[in-house]
file model_7.cif (mmCIF, C-alpha atoms and all ligand atoms)
data_query
#
loop_
_atom_site.label_atom_id
_atom_site.label_comp_id
_atom_site.auth_asym_id
_atom_site.auth_seq_id
_atom_site.Cartn_x
_atom_site.Cartn_y
_atom_site.Cartn_z
CA MET A 173 21.73 -14.48 2.30
CA GLY A 174 24.52 -16.55 3.76
CA LYS A 175 23.35 -19.73 5.47
CA HIS A 176 24.44 -18.45 8.86
CA GLY A 177 22.34 -15.35 8.38
CA VAL A 178 19.25 -17.51 7.92
CA GLN A 179 20.17 -19.96 10.71
CA ILE A 180 20.37 -17.26 13.39
CA LEU A 181 16.79 -16.19 12.75
CA ASN A 182 14.65 -17.44 15.56
CA LEU A 183 11.48 -17.86 13.52
CA ASP A 184 9.76 -19.92 10.82
CA VAL A 185 11.49 -18.62 7.66
CA ASN A 186 8.99 -20.29 5.31
CA GLU A 187 6.10 -18.60 7.08
CA LEU A 188 7.93 -15.26 6.83
CA LEU A 189 8.62 -15.80 3.11
CA LYS A 190 4.94 -16.50 2.56
CA MET A 191 4.01 -13.22 4.25
CA LEU A 192 6.64 -11.32 2.25
CA ASN A 193 5.44 -12.72 -1.09
CA GLU A 194 1.88 -11.76 -0.17
CA ALA A 195 3.11 -8.26 0.71
CA LEU A 196 5.02 -8.07 -2.59
CA SER A 197 1.86 -8.93 -4.54
CA GLU A 198 -0.10 -6.33 -2.56
CA GLU A 199 2.49 -3.64 -3.34
CA TRP A 200 2.23 -4.22 -7.09
CA LEU A 201 -1.55 -4.07 -7.01
CA ALA A 202 -1.39 -0.93 -4.82
CA PHE A 203 1.07 0.65 -7.24
CA TYR A 204 -1.24 0.09 -10.20
CA GLN A 205 -4.35 1.15 -8.27
CA TYR A 206 -2.71 4.50 -7.45
CA TRP A 207 -1.08 4.95 -10.84
CA ILE A 208 -4.13 4.30 -13.01
CA GLY A 209 -6.50 6.04 -10.58
CA ALA A 210 -4.35 9.20 -10.69
CA ARG A 211 -4.70 9.32 -14.46
CA LEU A 212 -8.45 8.74 -14.63
CA MET A 213 -9.49 10.92 -11.69
CA GLU A 214 -11.94 13.81 -12.10
CA GLY A 215 -13.26 16.34 -9.60
CA PRO A 216 -12.16 19.02 -7.14
CA MET A 217 -8.44 19.56 -6.40
CA ARG A 218 -7.57 17.23 -9.28
CA GLY A 219 -4.07 18.60 -9.97
CA GLU A 220 -2.94 18.54 -6.37
CA ILE A 221 -4.36 15.09 -5.62
CA GLU A 222 -3.07 13.56 -8.85
CA ALA A 223 0.49 14.64 -7.99
CA GLU A 224 0.23 13.16 -4.49
CA LEU A 225 -1.23 9.86 -5.73
CA LEU A 226 1.66 9.50 -8.17
CA ILE A 227 4.12 10.06 -5.31
CA HIS A 228 2.34 7.32 -3.35
CA ALA A 229 2.51 5.03 -6.40
CA GLY A 230 6.29 5.53 -6.57
CA GLN A 231 6.60 4.76 -2.86
CA GLU A 232 4.60 1.52 -3.23
CA LEU A 233 7.01 0.49 -5.96
CA ASN A 234 9.91 1.22 -3.64
CA HIS A 235 8.27 -0.97 -0.98
CA ALA A 236 8.23 -3.77 -3.54
CA VAL A 237 11.98 -3.22 -4.04
CA LEU A 238 12.63 -3.51 -0.30
CA VAL A 239 10.44 -6.61 0.08
CA VAL A 240 11.83 -8.46 -2.95
CA GLY A 241 15.39 -7.75 -1.80
CA ARG A 242 14.68 -9.34 1.56
CA ILE A 243 12.93 -12.39 0.01
CA ILE A 244 16.05 -13.06 -2.07
CA GLN A 245 18.36 -12.51 0.93
CA LEU A 246 16.36 -15.08 2.87
CA GLY A 247 16.83 -17.62 0.07
CA GLY A 248 13.21 -17.42 -1.06
CA LYS A 249 11.66 -17.20 -4.50
CA PRO A 250 9.79 -13.99 -5.22
CA VAL A 251 6.48 -14.22 -7.05
CA THR A 252 7.30 -14.05 -10.77
CA ASN A 253 3.89 -14.31 -12.43
CA PRO A 254 1.50 -11.34 -12.12
CA LYS A 255 -1.43 -13.79 -12.25
CA ASP A 256 -0.35 -14.91 -8.78
CA TRP A 257 -0.67 -11.39 -7.36
CA PHE A 258 -4.42 -11.83 -7.06
CA LYS A 259 -4.08 -15.25 -5.44
CA LEU A 260 -1.53 -14.06 -2.90
CA SER A 261 -2.85 -10.58 -2.11
CA ARG A 262 -5.13 -10.20 0.86
CA CYS A 263 -5.94 -6.61 -0.16
CA ASP A 264 -8.54 -6.02 -2.87
CA TYR A 265 -7.75 -4.41 -6.18
CA ASP A 266 -10.71 -2.09 -6.80
CA GLU A 267 -11.02 -1.28 -10.47
CA PRO A 268 -11.54 2.50 -10.82
CA THR A 269 -14.72 2.34 -12.90
CA ASP A 270 -16.03 5.59 -11.36
CA PRO A 271 -13.40 8.34 -11.84
CA TYR A 272 -14.84 10.73 -9.23
CA VAL A 273 -11.95 11.80 -7.01
CA GLU A 274 -13.60 10.82 -3.75
CA VAL A 275 -14.35 7.30 -5.02
CA ILE A 276 -10.73 6.87 -6.13
CA LEU A 277 -9.49 8.15 -2.76
CA GLU A 278 -11.79 5.75 -0.85
CA GLN A 279 -10.41 2.83 -2.89
CA ASN A 280 -6.86 3.87 -2.09
CA LEU A 281 -7.72 4.38 1.58
CA LYS A 282 -9.02 0.81 1.80
CA GLY A 283 -5.74 -0.41 0.30
CA GLU A 284 -3.68 1.60 2.78
CA ARG A 285 -5.57 0.17 5.75
CA CYS A 286 -4.95 -3.33 4.41
CA ALA A 287 -1.21 -2.54 3.97
CA ILE A 288 -0.99 -1.15 7.52
CA GLN A 289 -2.41 -4.42 8.86
CA ARG A 290 0.06 -6.42 6.72
CA TYR A 291 3.19 -4.60 7.93
CA LYS A 292 2.01 -4.56 11.53
CA GLU A 293 1.77 -8.37 11.30
CA ILE A 294 5.23 -8.70 9.70
CA ALA A 295 6.70 -6.33 12.31
CA ASP A 296 5.07 -8.36 15.13
CA PHE A 297 6.22 -11.67 13.62
CA THR A 298 9.85 -10.56 13.32
CA ASN A 299 10.11 -8.45 16.48
CA GLY A 300 13.26 -9.39 18.38
CA LYS A 301 13.85 -12.33 15.99
CA ASP A 302 14.80 -10.92 12.60
CA HIS A 303 16.03 -7.37 13.01
CA THR A 304 16.54 -6.78 9.29
CA THR A 305 13.01 -7.69 8.20
CA HIS A 306 11.64 -5.93 11.26
CA GLN A 307 13.38 -2.72 10.25
CA ILE A 308 12.09 -3.00 6.67
CA ALA A 309 8.53 -3.66 7.94
CA THR A 310 8.53 -0.67 10.30
CA THR A 311 10.03 1.62 7.63
CA ILE A 312 7.26 0.64 5.20
CA LEU A 313 4.61 0.77 7.94
CA ASN A 314 5.55 4.40 8.70
CA GLU A 315 5.04 5.33 5.04
CA GLU A 316 1.70 3.50 4.84
CA LEU A 317 0.56 5.44 7.91
CA GLU A 318 1.54 8.70 6.19
CA HIS A 319 -0.34 7.62 3.05
CA GLU A 320 -3.47 6.90 5.10
CA GLN A 321 -3.24 10.34 6.71
CA ASP A 322 -2.72 12.13 3.35
CA ILE A 323 -5.80 10.47 1.87
CA GLU A 324 -7.97 11.07 4.92
CA ASP A 325 -6.99 14.77 4.76
CA PHE A 326 -7.96 15.03 1.08
CA ILE A 327 -11.33 13.35 1.75
CA THR A 328 -11.97 15.77 4.65
CA ASP A 329 -11.21 18.76 2.41
CA ILE A 330 -13.45 17.52 -0.42
CA GLN A 331 -16.32 16.93 2.00
CA ARG A 332 -15.81 20.42 3.37
CA ILE A 333 -15.95 21.96 -0.11
CA ARG A 334 -19.23 20.12 -0.70
CA GLU A 335 -20.70 21.35 2.60
CA ASP A 336 -19.68 24.94 1.79
CA TRP A 337 -21.40 24.72 -1.62
CA LYS A 338 -24.57 23.44 0.03
CA LYS A 339 -24.55 26.37 2.49
CA LEU A 340 -24.08 28.87 -0.36
CA ARG A 341 -27.06 27.44 -2.24
CA SER A 342 -29.42 27.43 0.75
FE FE B 1 3.29 -0.02 0.24
FE FE B 2 0.75 3.07 0.82
#

call {"tool": "encode", "arguments": {"input": "model_7.cif", "output": "structure tokens", "more": "lines below"}}
Ligand SMILES: [Fe+2]
Ligand SMILES: [Fe+2]
result
Amino acid sequence: MGKHGVQILNLDVNELLKMLNEALSEEWLAFYQYWIGARLMEGPMRGEIEAELLIHAGQELNHAVLVVGRIIQLGGKPVTNPKDWFKLSRCDYDEPTDPYVEVILEQNLKGERCAIQRYKEIADFTNGKDHTTHQIATTILNEELEHEQDIEDFITDIQRIREDWKKLRS
């Protein structure tokens, strides 16, 4: 970004760049968590859930595009080595060792809640000070909230199927 564009920001740009690089690392890990989980998943409503998880994966990748664009505009250096994703990310990457659909969904839900916290913090940090980053953070935050809702709904439906089976057997 032009020097003037950075100068008019009424905040600590280095602190913001640190937060954005952490968010960028989290997006890549979230992308892979969704993408590989969707392929390994087994259990009820597999086809429907797999399709939705792949849509979420694509949206996480798009968040990475928005975040990296802003880091570069601010004159920062985006994280270039995937090894650093684990050091910078505050959200866990949960390896999908158990492919049961509900386990995969719970792992993704944990990631979404972590992402919601991240973008809330970036939105708060930039509120009234850096309109561009604030707009990016709220745009992403809205999608993370939708992701959380989608996953909660799937978990509710799977639990309901299980309850109905139990009733039929008793
Ligand atoms: Fe995301
Ligand atoms: Fe998400």

call {"tool": "residues_around", "arguments": {"input": "model_7.cif", "residues": "segment 222-226 of chain A", "least_positions_apart": "6", "cutoff": "10 Å", "atoms": "all atoms listed in the file", "output": "PDB file with C-alpha atoms, in the frame of the given file"}}
result
ATOM      1  CA  PHE A 203       1.070   0.650  -7.240  1.00  0.00           C
ATOM      2  CA  GLN A 205      -4.350   1.150  -8.270  1.00  0.00           C
ATOM      3  CA  TYR A 206      -2.710   4.500  -7.450  1.00  0.00           C
ATOM      4  CA  TRP A 207      -1.080   4.950 -10.840  1.00  0.00           C
ATOM      5  CA  ILE A 208      -4.130   4.300 -13.010  1.00  0.00           C
ATOM      6  CA  GLY A 209      -6.500   6.040 -10.580  1.00  0.00           C
ATOM      7  CA  ALA A 210      -4.350   9.200 -10.690  1.00  0.00           C
ATOM      8  CA  ARG A 211      -4.700   9.320 -14.460  1.00  0.00           C
ATOM      9  CA  LEU A 212      -8.450   8.740 -14.630  1.00  0.00           C
ATOM     10  CA  MET A 213      -9.490  10.920 -11.690  1.00  0.00           C
ATOM     11  CA  GLU A 214     -11.940  13.810 -12.100  1.00  0.00           C
ATOM     12  CA  GLU A 232       4.600   1.520  -3.230  1.00  0.00           C
ATOM     13  CA  VAL A 273     -11.950  11.800  -7.010  1.00  0.00           C
ATOM     14  CA  ILE A 276     -10.730   6.870  -6.130  1.00  0.00           C
ATOM     15  CA  LEU A 277      -9.490   8.150  -2.760  1.00  0.00           C
ATOM     16  CA  ASN A 280      -6.860   3.870  -2.090  1.00  0.00           C
ATOM     17  CA  HIS A 319      -0.340   7.620   3.050  1.00  0.00           C
ATOM     18  CA  ASP A 322      -2.720  12.130   3.350  1.00  0.00           C
ATOM     19  CA  ILE A 323      -5.800  10.470   1.870  1.00  0.00           C
TER      20      ILE A 323
END

call {"tool": "residues_around", "arguments": {"input": "model_7.cif", "residues": "Ile294 of chain A", "least_positions_apart": "4", "cutoff": "12 Å", "atoms": "all atoms listed in the file", "output": "count of residues only"}}
result
32

call {"tool": "closest_residue", "arguments": {"input": "model_7.cif", "among": "A:Cys263, A:Leu281, A:Ile327, A:Ala295", "to": "ligand FE 2 (chain B)", "atoms": "only C-alpha atoms and all ligand atoms"}}
result
A:Leu281

call {"tool": "residues_near_ligand", "arguments": {"input": "model_7.cif", "ligand": "ligand FE 2 (chain B)", "cutoff": "8 Å", "atoms": "only C-alpha atoms and all ligand atoms", "output": "list in words"}}
result
Ala202, His228, Ala229, Gln231, Glu232, Gly283, Glu284, Ala287, Glu315, Glu316, Leu317, Glu318, His319 and Glu320 of chain A

call {"tool": "atom_distance", "arguments": {"input": "model_7.cif", "atom1": "atom CA of Gln279 of chain A", "atom2": "atom CA of Asp325 of chain A"}}
result
14.6 Å

call {"tool": "closest_residue", "arguments": {"input": "model_7.cif", "among": "A:Asn182, A:Arg242, A:Phe297, A:Asn314", "to": "ligand FE 1 (chain B)", "atoms": "all atoms listed in the file"}}
result
A:Asn314

call {"tool": "atom_distance", "arguments": {"input": "model_7.cif", "atom1": "atom CA of Tyr272 of chain A", "atom2": "atom CA of Arg218 of chain A"}}
result
9.8 Å

call {"tool": "residues_around", "arguments": {"input": "model_7.cif", "residues": "Lys259 of chain A", "least_positions_apart": "2", "cutoff": "12 Å", "atoms": "only C-alpha atoms", "output": "PyMOL selection string"}}
result
chain A and resi 193-198+201+251+253-257+261-265

call {"tool": "atom_distance", "arguments": {"input": "model_7.cif", "atom1": "atom CA of Glu324 of chain A", "atom2": "atom CA of Ser342 of chain A"}}
result
27.3 Å

call {"tool": "closest_residue", "arguments": {"input": "model_7.cif", "among": "A:Glu220, A:His235, A:Lys175, A:Tyr204", "to": "ligand FE 1 (chain B)", "atoms": "only C-alpha atoms and all ligand atoms"}}
result
A:His235

call {"tool": "closest_residue", "arguments": {"input": "model_7.cif", "among": "A:Leu181, A:Ile221, A:Asp329, A:Glu335", "to": "Leu246 of chain A", "atoms": "only C-alpha atoms"}}
result
A:Leu181

call {"tool": "closest_residue", "arguments": {"input": "model_7.cif", "among": "A:Gly177, A:Gly230, A:Pro268, A:Gly241", "to": "ligand FE 1 (chain B)", "atoms": "all atoms listed in the file"}}
result
A:Gly230

call {"tool": "closest_residue", "arguments": {"input": "model_7.cif", "among": "A:Asn186, A:Met217, A:Val237, A:Asp296", "to": "Ile330 of chain A", "atoms": "only C-alpha atoms"}}
result
A:Met217
